[in-house]
Amino acid sequence: MKAVRTGRKITEKIPMAWSQGTGCKIIDPINNDKEMPEDVYFYFGILRGAGDMLKRSMQNGWDYFFTDHAYFNAGHDGPNPWYRITKNGHVNSTVVERPADRFEQNFAKQILPWREQGSKIIVCPPTGAITWFYDIQNWLSTTVEALKQQTDREIVVRDKPMDPQVSTNAGITNIVGFNKMTEDRPLEEDLADAHAVVTFNSGVAVKAACEGIPVICGPECAAYPVANKIEDIESLQHKDREPWLYNLAYSQFTLDEIRSGFAYQTLIS
């Protein structure tokens with residue numbers, strides 16, 4: 001197994017911790033024009049060469065571990081931040097039965113009852129980076145058109161406040177800039193009267209579901225186990241969230257848990 005460097009000071013600690021917890025070797029990203037030996041690879045994010053390598057792992061059917069921002073308490077701040085890790089997936093979008101302890105000890109908060117009605121449908125499109133990775137350039141237009149066929153409710157498109165745009169150069173895909181949200185509108189304002197949140201894979205879906213707002217998404221999103229379909233927009237189902245939440249709590253780990261090997265052992269058990 002090999003852990004791929006991130007090329008950023010703030011995130012380089014993550015593959016370093018994985019290396020300490022598993023004993024694997026740390027390597028620089030391998031450009032697309034170079035041979036990539038068959039192996040199990042550990043990636044953080046999809047930029048700076050990691051996404052290019054991840055695509056090759058997926059195309060070849062090799063096992064890999066993917067890490068990115070956590071489902072709960074996301075961010076790099078603090079001495080022991082949380083990160084989600086998935087074996088052979090971008091997010092954990094299936095449910096394995098897990099005990100309640102980890103969720104209740106670390107992320108317990110009031111889970112609001114499912115909301116019955118709202119006037120708006122909030123659409124969170126994929127970022128430029130995700131659009132590149134999944135090759136989904138028409139997702140937004142196709143999704144909005146499909147919604148209009150099913151509902152007369154107001155559709156509000158909410159882009160990520162700082163949407164990364166990417167370009168591939170010399171076999172490495174990296175950020176070339178950001179599309180900044182033109183209107184500085186708090187997320188809470190958009191969710192206040194939301195009937196549903198529709199997204200490709202935004203983490204907003206997890207927050208929405210916890211707040212009782214129904215979600216529509218596919219298996220690329222962590223909220224998929226409690227999600228609905230577009231054709232159900234006017235007859236949304238309210239699914240049991242506890243097993244899903246407990247499973248997500250066992251799918252993200254502190255830096256210390258990654259460093260100790262606990263994360264790896266949990267993911268392969």
# chains A, B, ... in the order shown; residues from 1 in each chain; ligands from 1

call {"tool": "residues_around", "arguments": {"residues": "Asp39 in chain A", "least_positions_apart": "4", "cutoff": "9 Å", "atoms": "only C-alpha atoms", "output": "mmCIF file with C-alpha atoms, in the first residue's frame"}}
result
data_model
loop_
_atom_site.group_PDB
_atom_site.id
_atom_site.type_symbol
_atom_site.label_atom_id
_atom_site.label_comp_id
_atom_site.auth_asym_id
_atom_site.auth_seq_id
_atom_site.Cartn_x
_atom_site.Cartn_y
_atom_site.Cartn_z
ATOM 1 C CA MET A 1 0.000 0.000 0.000
ATOM 2 C CA LYS A 2 1.125 3.557 -0.747
ATOM 3 C CA SER A 57 -7.334 2.919 -9.549
ATOM 4 C CA TRP A 62 -7.754 -1.820 -7.644
ATOM 5 C CA ASP A 63 -8.588 -1.364 -3.964
ATOM 6 C CA TYR A 64 -8.046 2.141 -2.606
#

call {"tool": "closest_atom_pairs", "arguments": {"of": "range 151-259 of chain A", "to": "range 82-102 of chain A", "cutoff": "12 Å", "atoms": "only C-alpha atoms", "output": "tab-separated table"}}
result
residue	atom	partner	partner_atom	distance
A:Phe200	CA	A:Val91	CA	11.9
A:Asn201	CA	A:Val91	CA	8.7
A:Ser202	CA	A:Val91	CA	10.5
A:Gly203	CA	A:Val91	CA	10.0
A:Ala205	CA	A:Ser93	CA	11.9
A:Val206	CA	A:Ser93	CA	11.1
A:Cys217	CA	A:Ser93	CA	10.5
A:Gly218	CA	A:Ser93	CA	8.9
A:Pro219	CA	A:Ser93	CA	5.8
A:Glu220	CA	A:Val91	CA	6.8
A:Cys221	CA	A:Ser93	CA	6.2
A:Ala222	CA	A:Ser93	CA	4.6
A:Ala223	CA	A:Ser93	CA	6.7
A:Tyr224	CA	A:Ser93	CA	5.7
A:Pro225	CA	A:Thr94	CA	6.2
A:Val226	CA	A:Ser93	CA	9.6
A:Ala227	CA	A:Ser93	CA	10.4
A:Asp240	CA	A:Val95	CA	11.6
A:Arg241	CA	A:Val95	CA	10.5
A:Glu242	CA	A:Ala100	CA	8.1
A:Pro243	CA	A:Glu97	CA	6.6
A:Trp244	CA	A:Val95	CA	5.8
A:Leu245	CA	A:Ala100	CA	8.5
A:Tyr246	CA	A:Ala100	CA	5.4
A:Asn247	CA	A:Arg98	CA	5.5
A:Leu248	CA	A:Asn92	CA	7.2
A:Ala249	CA	A:Arg102	CA	6.0
A:Tyr250	CA	A:Arg102	CA	6.9
A:Ser251	CA	A:Arg84	CA	5.9
A:Gln252	CA	A:Arg84	CA	3.9
A:Phe253	CA	A:Trp82	CA	5.3
A:Thr254	CA	A:Trp82	CA	4.3
A:Leu255	CA	A:Trp82	CA	6.4
A:Asp256	CA	A:Trp82	CA	9.2
A:Glu257	CA	A:Trp82	CA	9.2
A:Ile258	CA	A:Tyr83	CA	9.0

call {"tool": "select_by_dssp", "arguments": {"residues": "range 22-267 of chain A", "states": "alpha helix (DSSP H)", "output": "compact mmCIF listing (two decimals) with N, CA, C and O atoms, in the first residue's frame"}}
result
# COMPACT_ATOMS: atom_id res chain seq x y z
N THR A 22 -0.45 2.46 9.20
CA THR A 22 -0.46 1.23 8.39
C THR A 22 0.93 0.73 8.03
O THR A 22 1.07 -0.41 7.57
N ALA A 50 -4.00 13.56 -7.18
CA ALA A 50 -4.68 12.46 -6.50
C ALA A 50 -5.89 11.97 -7.31
O ALA A 50 -6.12 10.77 -7.44
N GLY A 51 -6.67 12.91 -7.84
CA GLY A 51 -7.84 12.52 -8.61
C GLY A 51 -7.49 11.77 -9.88
O GLY A 51 -8.19 10.83 -10.27
N ASP A 52 -6.40 12.18 -10.53
CA ASP A 52 -5.96 11.48 -11.74
C ASP A 52 -5.59 10.04 -11.41
O ASP A 52 -5.95 9.11 -12.14
N MET A 53 -4.85 9.87 -10.31
CA MET A 53 -4.47 8.52 -9.89
C MET A 53 -5.70 7.72 -9.45
O MET A 53 -5.82 6.53 -9.74
N LEU A 54 -6.62 8.38 -8.73
CA LEU A 54 -7.82 7.71 -8.26
C LEU A 54 -8.64 7.17 -9.43
O LEU A 54 -9.15 6.05 -9.39
N LYS A 55 -8.74 7.96 -10.49
CA LYS A 55 -9.45 7.48 -11.68
C LYS A 55 -8.80 6.21 -12.22
O LYS A 55 -9.49 5.26 -12.63
N ARG A 56 -7.49 6.16 -12.21
CA ARG A 56 -6.79 4.98 -12.72
C ARG A 56 -7.01 3.77 -11.80
O ARG A 56 -7.18 2.64 -12.28
N SER A 57 -7.02 4.01 -10.48
CA SER A 57 -7.33 2.92 -9.55
C SER A 57 -8.71 2.35 -9.83
O SER A 57 -8.92 1.13 -9.87
N MET A 58 -9.68 3.23 -10.05
CA MET A 58 -11.05 2.80 -10.28
C MET A 58 -11.18 2.07 -11.61
O MET A 58 -11.84 1.02 -11.70
N GLN A 59 -10.55 2.60 -12.64
CA GLN A 59 -10.61 1.97 -13.96
C GLN A 59 -9.98 0.57 -13.96
O GLN A 59 -10.44 -0.33 -14.65
N ASN A 60 -8.93 0.42 -13.14
CA ASN A 60 -8.23 -0.87 -13.08
C ASN A 60 -8.84 -1.84 -12.08
O ASN A 60 -8.43 -3.00 -12.01
N ASP A 101 -22.85 4.10 19.83
CA ASP A 101 -21.93 4.76 20.76
C ASP A 101 -21.11 5.88 20.15
O ASP A 101 -21.00 6.98 20.70
N ARG A 102 -20.55 5.64 18.99
CA ARG A 102 -19.63 6.61 18.40
C ARG A 102 -20.35 7.90 17.99
O ARG A 102 -19.85 9.00 18.21
N PHE A 103 -21.54 7.75 17.43
CA PHE A 103 -22.32 8.94 17.08
C PHE A 103 -22.73 9.71 18.33
O PHE A 103 -22.59 10.93 18.40
N GLU A 104 -23.23 9.00 19.32
CA GLU A 104 -23.73 9.67 20.52
C GLU A 104 -22.62 10.33 21.32
O GLU A 104 -22.82 11.39 21.90
N GLN A 105 -21.45 9.73 21.34
CA GLN A 105 -20.34 10.29 22.11
C GLN A 105 -19.70 11.50 21.44
O GLN A 105 -19.22 12.42 22.11
N ASN A 106 -19.69 11.52 20.11
CA ASN A 106 -18.93 12.55 19.41
C ASN A 106 -19.77 13.57 18.64
O ASN A 106 -19.34 14.71 18.47
N GLY A 128 -16.82 22.59 -9.84
CA GLY A 128 -16.06 22.36 -11.06
C GLY A 128 -15.18 21.14 -10.96
O GLY A 128 -15.01 20.39 -11.93
N ALA A 129 -14.60 20.92 -9.77
CA ALA A 129 -13.73 19.77 -9.58
C ALA A 129 -14.50 18.46 -9.67
O ALA A 129 -14.06 17.50 -10.32
N ILE A 130 -15.67 18.41 -9.03
CA ILE A 130 -16.49 17.20 -9.08
C ILE A 130 -17.04 16.97 -10.48
O ILE A 130 -17.12 15.84 -10.97
N THR A 131 -17.41 18.05 -11.16
CA THR A 131 -17.88 17.94 -12.54
C THR A 131 -16.82 17.30 -13.43
O THR A 131 -17.12 16.43 -14.25
N TRP A 132 -15.57 17.73 -13.25
CA TRP A 132 -14.47 17.12 -14.00
C TRP A 132 -14.32 15.65 -13.64
O TRP A 132 -14.22 14.78 -14.52
N PHE A 133 -14.32 15.34 -12.35
CA PHE A 133 -14.01 13.98 -11.91
C PHE A 133 -15.05 12.99 -12.41
O PHE A 133 -14.72 11.90 -12.86
N TYR A 134 -16.32 13.36 -12.32
CA TYR A 134 -17.40 12.45 -12.70
C TYR A 134 -17.89 12.66 -14.13
O TYR A 134 -18.77 11.93 -14.60
N TRP A 139 -25.25 18.07 -15.52
CA TRP A 139 -26.06 17.66 -14.37
C TRP A 139 -27.08 18.71 -13.98
O TRP A 139 -28.26 18.41 -13.76
N LEU A 140 -26.66 19.96 -13.86
CA LEU A 140 -27.56 21.01 -13.36
C LEU A 140 -28.74 21.22 -14.30
O LEU A 140 -29.91 21.21 -13.86
N SER A 141 -28.49 21.40 -15.57
CA SER A 141 -29.59 21.66 -16.51
C SER A 141 -30.54 20.48 -16.60
O SER A 141 -31.77 20.64 -16.62
N THR A 142 -29.99 19.28 -16.60
CA THR A 142 -30.83 18.07 -16.67
C THR A 142 -31.68 17.92 -15.41
O THR A 142 -32.87 17.58 -15.48
N THR A 143 -31.08 18.20 -14.26
CA THR A 143 -31.79 18.05 -12.99
C THR A 143 -32.90 19.08 -12.84
O THR A 143 -34.03 18.75 -12.43
N VAL A 144 -32.62 20.33 -13.16
CA VAL A 144 -33.63 21.38 -13.05
C VAL A 144 -34.80 21.09 -14.00
O VAL A 144 -35.98 21.25 -13.63
N GLU A 145 -34.49 20.66 -15.21
CA GLU A 145 -35.55 20.34 -16.16
C GLU A 145 -36.42 19.18 -15.65
O GLU A 145 -37.65 19.20 -15.77
N ALA A 146 -35.78 18.17 -15.06
CA ALA A 146 -36.53 17.04 -14.51
C ALA A 146 -37.43 17.48 -13.36
O ALA A 146 -38.56 17.00 -13.22
N LEU A 147 -36.94 18.39 -12.51
CA LEU A 147 -37.74 18.90 -11.40
C LEU A 147 -38.96 19.66 -11.92
O LEU A 147 -40.06 19.53 -11.38
N LYS A 148 -38.76 20.46 -12.95
CA LYS A 148 -39.86 21.26 -13.50
C LYS A 148 -40.97 20.37 -14.06
O LYS A 148 -42.13 20.81 -14.14
N LEU A 187 -26.46 29.68 4.27
CA LEU A 187 -27.11 28.41 3.98
C LEU A 187 -28.41 28.27 4.76
O LEU A 187 -29.41 27.78 4.24
N GLU A 188 -28.38 28.70 6.01
CA GLU A 188 -29.57 28.57 6.86
C GLU A 188 -30.77 29.29 6.26
O GLU A 188 -31.91 28.86 6.43
N GLU A 189 -30.50 30.39 5.56
CA GLU A 189 -31.59 31.14 4.93
C GLU A 189 -32.24 30.32 3.82
O GLU A 189 -33.47 30.31 3.67
N ASP A 190 -31.42 29.63 3.05
CA ASP A 190 -31.97 28.80 1.97
C ASP A 190 -32.71 27.59 2.52
O ASP A 190 -33.70 27.13 1.94
N LEU A 191 -32.23 27.04 3.64
CA LEU A 191 -32.85 25.83 4.18
C LEU A 191 -34.10 26.12 5.00
O LEU A 191 -34.88 25.19 5.27
N VAL A 204 -24.02 19.30 2.01
CA VAL A 204 -25.24 19.95 2.48
C VAL A 204 -26.36 18.93 2.67
O VAL A 204 -27.23 19.09 3.52
N ALA A 205 -26.33 17.86 1.91
CA ALA A 205 -27.37 16.83 2.00
C ALA A 205 -27.40 16.19 3.38
O ALA A 205 -28.47 15.89 3.92
N VAL A 206 -26.22 15.95 3.97
CA VAL A 206 -26.17 15.35 5.30
C VAL A 206 -26.75 16.32 6.33
O VAL A 206 -27.56 15.93 7.18
N LYS A 207 -26.37 17.58 6.24
CA LYS A 207 -26.90 18.60 7.16
C LYS A 207 -28.40 18.71 7.01
O LYS A 207 -29.14 18.76 8.01
N ALA A 208 -28.88 18.74 5.77
CA ALA A 208 -30.31 18.87 5.53
C ALA A 208 -31.09 17.70 6.13
O ALA A 208 -32.11 17.89 6.81
N ALA A 209 -30.61 16.50 5.88
CA ALA A 209 -31.31 15.32 6.40
C ALA A 209 -31.36 15.32 7.92
O ALA A 209 -32.36 14.91 8.52
N CYS A 210 -30.29 15.77 8.56
CA CYS A 210 -30.27 15.86 10.03
C CYS A 210 -31.29 16.88 10.52
O CYS A 210 -31.84 16.75 11.62
N GLU A 242 -31.40 6.86 11.99
CA GLU A 242 -30.42 6.46 13.00
C GLU A 242 -29.38 5.45 12.49
O GLU A 242 -28.17 5.65 12.69
N PRO A 243 -29.76 4.36 11.83
CA PRO A 243 -28.74 3.43 11.33
C PRO A 243 -27.75 4.11 10.38
O PRO A 243 -26.55 3.79 10.39
N TRP A 244 -28.25 5.01 9.56
CA TRP A 244 -27.40 5.76 8.63
C TRP A 244 -26.40 6.64 9.38
O TRP A 244 -25.21 6.64 9.08
N LEU A 245 -26.88 7.36 10.39
CA LEU A 245 -26.01 8.24 11.17
C LEU A 245 -24.96 7.45 11.94
O LEU A 245 -23.79 7.85 12.00
N TYR A 246 -25.37 6.34 12.53
CA TYR A 246 -24.41 5.52 13.27
C TYR A 246 -23.31 4.99 12.35
O TYR A 246 -22.13 4.94 12.72
N ASN A 247 -23.69 4.61 11.14
CA ASN A 247 -22.71 4.11 10.18
C ASN A 247 -21.74 5.21 9.75
O ASN A 247 -20.53 4.98 9.65
N LEU A 248 -22.26 6.43 9.50
CA LEU A 248 -21.37 7.54 9.13
C LEU A 248 -20.37 7.85 10.25
O LEU A 248 -19.22 8.21 9.98
N ALA A 249 -20.81 7.72 11.49
CA ALA A 249 -19.91 7.99 12.61
C ALA A 249 -18.75 7.00 12.65
O ALA A 249 -17.66 7.33 13.14
N LEU A 255 -7.45 12.54 13.43
CA LEU A 255 -6.08 12.34 12.97
C LEU A 255 -5.36 11.34 13.86
O LEU A 255 -4.59 10.51 13.37
N ASP A 256 -5.63 11.38 15.17
CA ASP A 256 -5.00 10.42 16.08
C ASP A 256 -5.46 9.00 15.78
O ASP A 256 -4.67 8.05 15.87
N GLU A 257 -6.73 8.83 15.45
CA GLU A 257 -7.25 7.50 15.13
C GLU A 257 -6.68 6.97 13.82
O GLU A 257 -6.49 5.77 13.66
N ILE A 258 -6.39 7.88 12.89
CA ILE A 258 -5.73 7.47 11.65
C ILE A 258 -4.30 7.07 11.95
O ILE A 258 -3.80 6.03 11.49
N ARG A 259 -3.64 7.86 12.77
CA ARG A 259 -2.23 7.64 13.10
C ARG A 259 -2.02 6.34 13.88
O ARG A 259 -1.00 5.66 13.72
N SER A 260 -3.00 5.99 14.71
CA SER A 260 -2.86 4.79 15.54
C SER A 260 -3.15 3.50 14.79
O SER A 260 -2.85 2.41 15.28
N PHE A 262 -6.30 2.70 14.06
CA PHE A 262 -7.68 2.36 14.36
C PHE A 262 -8.56 2.54 13.13
O PHE A 262 -9.46 1.72 12.87
N ALA A 263 -8.35 3.62 12.39
CA ALA A 263 -9.17 3.87 11.20
C ALA A 263 -9.04 2.72 10.19
O ALA A 263 -10.05 2.21 9.68
N TYR A 264 -7.82 2.33 9.91
CA TYR A 264 -7.60 1.26 8.95
C TYR A 264 -8.24 -0.04 9.40
O TYR A 264 -8.92 -0.72 8.63
N GLN A 265 -8.05 -0.40 10.65
CA GLN A 265 -8.61 -1.64 11.16
C GLN A 265 -10.14 -1.63 11.15
O GLN A 265 -10.78 -2.65 10.86
N THR A 266 -10.73 -0.46 11.42
CA THR A 266 -12.19 -0.35 11.38
C THR A 266 -12.71 -0.53 9.97
O THR A 266 -13.73 -1.20 9.74
N LEU A 267 -12.03 0.04 9.01
CA LEU A 267 -12.48 0.00 7.62
C LEU A 267 -12.34 -1.37 6.96
O LEU A 267 -13.06 -1.69 6.03

call {"tool": "atom_distance", "arguments": {"atom1": "CA of His195 in chain A", "atom2": "CA of Ile121 in chain A"}}
result
5.5 Å

call {"tool": "residues_around", "arguments": {"residues": "Ala194 in chain A", "least_positions_apart": "4", "cutoff": "9 Å", "atoms": "only C-alpha atoms", "output": "JSON, numbers by chain"}}
result
{"A": [115, 117, 118, 119, 120, 121, 122, 190, 213, 214]}

call {"tool": "select_by_dssp", "arguments": {"residues": "range 51-86 of chain A", "states": "strand (DSSP E)", "output": "JSON list (two decimals) with N, CA, C and O atoms, in the first residue's frame"}}
result
[["chain", "number", "residue", "atom", "x", "y", "z"],
["A", 64, "TYR", "N", -8.62, 0.86, -3.01],
["A", 64, "TYR", "CA", -8.05, 2.14, -2.61],
["A", 64, "TYR", "C", -8.79, 2.66, -1.38],
["A", 64, "TYR", "O", -9.90, 2.19, -1.05],
["A", 65, "PHE", "N", -8.19, 3.63, -0.71],
["A", 65, "PHE", "CA", -8.82, 4.32, 0.41],
["A", 65, "PHE", "C", -8.87, 5.80, 0.06],
["A", 65, "PHE", "O", -7.84, 6.39, -0.27],
["A", 66, "PHE", "N", -10.07, 6.39, 0.15],
["A", 66, "PHE", "CA", -10.23, 7.79, -0.20],
["A", 66, "PHE", "C", -10.62, 8.60, 1.03],
["A", 66, "PHE", "O", -11.52, 8.21, 1.78],
["A", 67, "THR", "N", -9.96, 9.72, 1.21],
["A", 67, "THR", "CA", -10.18, 10.58, 2.37],
["A", 67, "THR", "C", -10.52, 11.99, 1.93],
["A", 67, "THR", "O", -9.99, 12.49, 0.93],
["A", 68, "ASP", "N", -11.40, 12.64, 2.69],
["A", 68, "ASP", "CA", -11.73, 14.04, 2.42],
["A", 68, "ASP", "C", -12.39, 14.61, 3.68],
["A", 68, "ASP", "O", -12.34, 13.98, 4.75],
["A", 69, "HIS", "N", -13.01, 15.77, 3.53],
["A", 69, "HIS", "CA", -13.62, 16.42, 4.68],
["A", 69, "HIS", "C", -14.68, 15.53, 5.32],
["A", 69, "HIS", "O", -15.39, 14.79, 4.64],
["A", 82, "TRP", "N", -11.25, 15.84, 12.27],
["A", 82, "TRP", "CA", -11.92, 14.66, 11.74],
["A", 82, "TRP", "C", -11.83, 14.62, 10.22],
["A", 82, "TRP", "O", -11.89, 15.66, 9.56],
["A", 83, "TYR", "N", -11.75, 13.39, 9.68],
["A", 83, "TYR", "CA", -11.76, 13.19, 8.22],
["A", 83, "TYR", "C", -12.56, 11.93, 7.90],
["A", 83, "TYR", "O", -12.48, 10.93, 8.62],
["A", 84, "ARG", "N", -13.32, 12.00, 6.81],
["A", 84, "ARG", "CA", -14.02, 10.79, 6.37],
["A", 84, "ARG", "C", -13.05, 9.93, 5.56],
["A", 84, "ARG", "O", -12.20, 10.45, 4.85],
["A", 85, "ILE", "N", -13.18, 8.63, 5.69],
["A", 85, "ILE", "CA", -12.38, 7.70, 4.91],
["A", 85, "ILE", "C", -13.30, 6.59, 4.40],
["A", 85, "ILE", "O", -14.09, 6.03, 5.16],
["A", 86, "THR", "N", -13.19, 6.30, 3.12],
["A", 86, "THR", "CA", -14.01, 5.25, 2.51],
["A", 86, "THR", "C", -13.10, 4.29, 1.75],
["A", 86, "THR", "O", -12.20, 4.72, 1.04]]

call {"tool": "closest_residue", "arguments": {"among": "A:Glu234, A:Asp184, A:Phe178, A:Thr6", "to": "Leu47 in chain A", "atoms": "only C-alpha atoms"}}
result
A:Thr6

call {"tool": "closest_residue", "arguments": {"among": "A:Val166, A:Asn138, A:Arg158, A:Pro125", "to": "Gly49 in chain A", "atoms": "only C-alpha atoms"}}
result
A:Val166
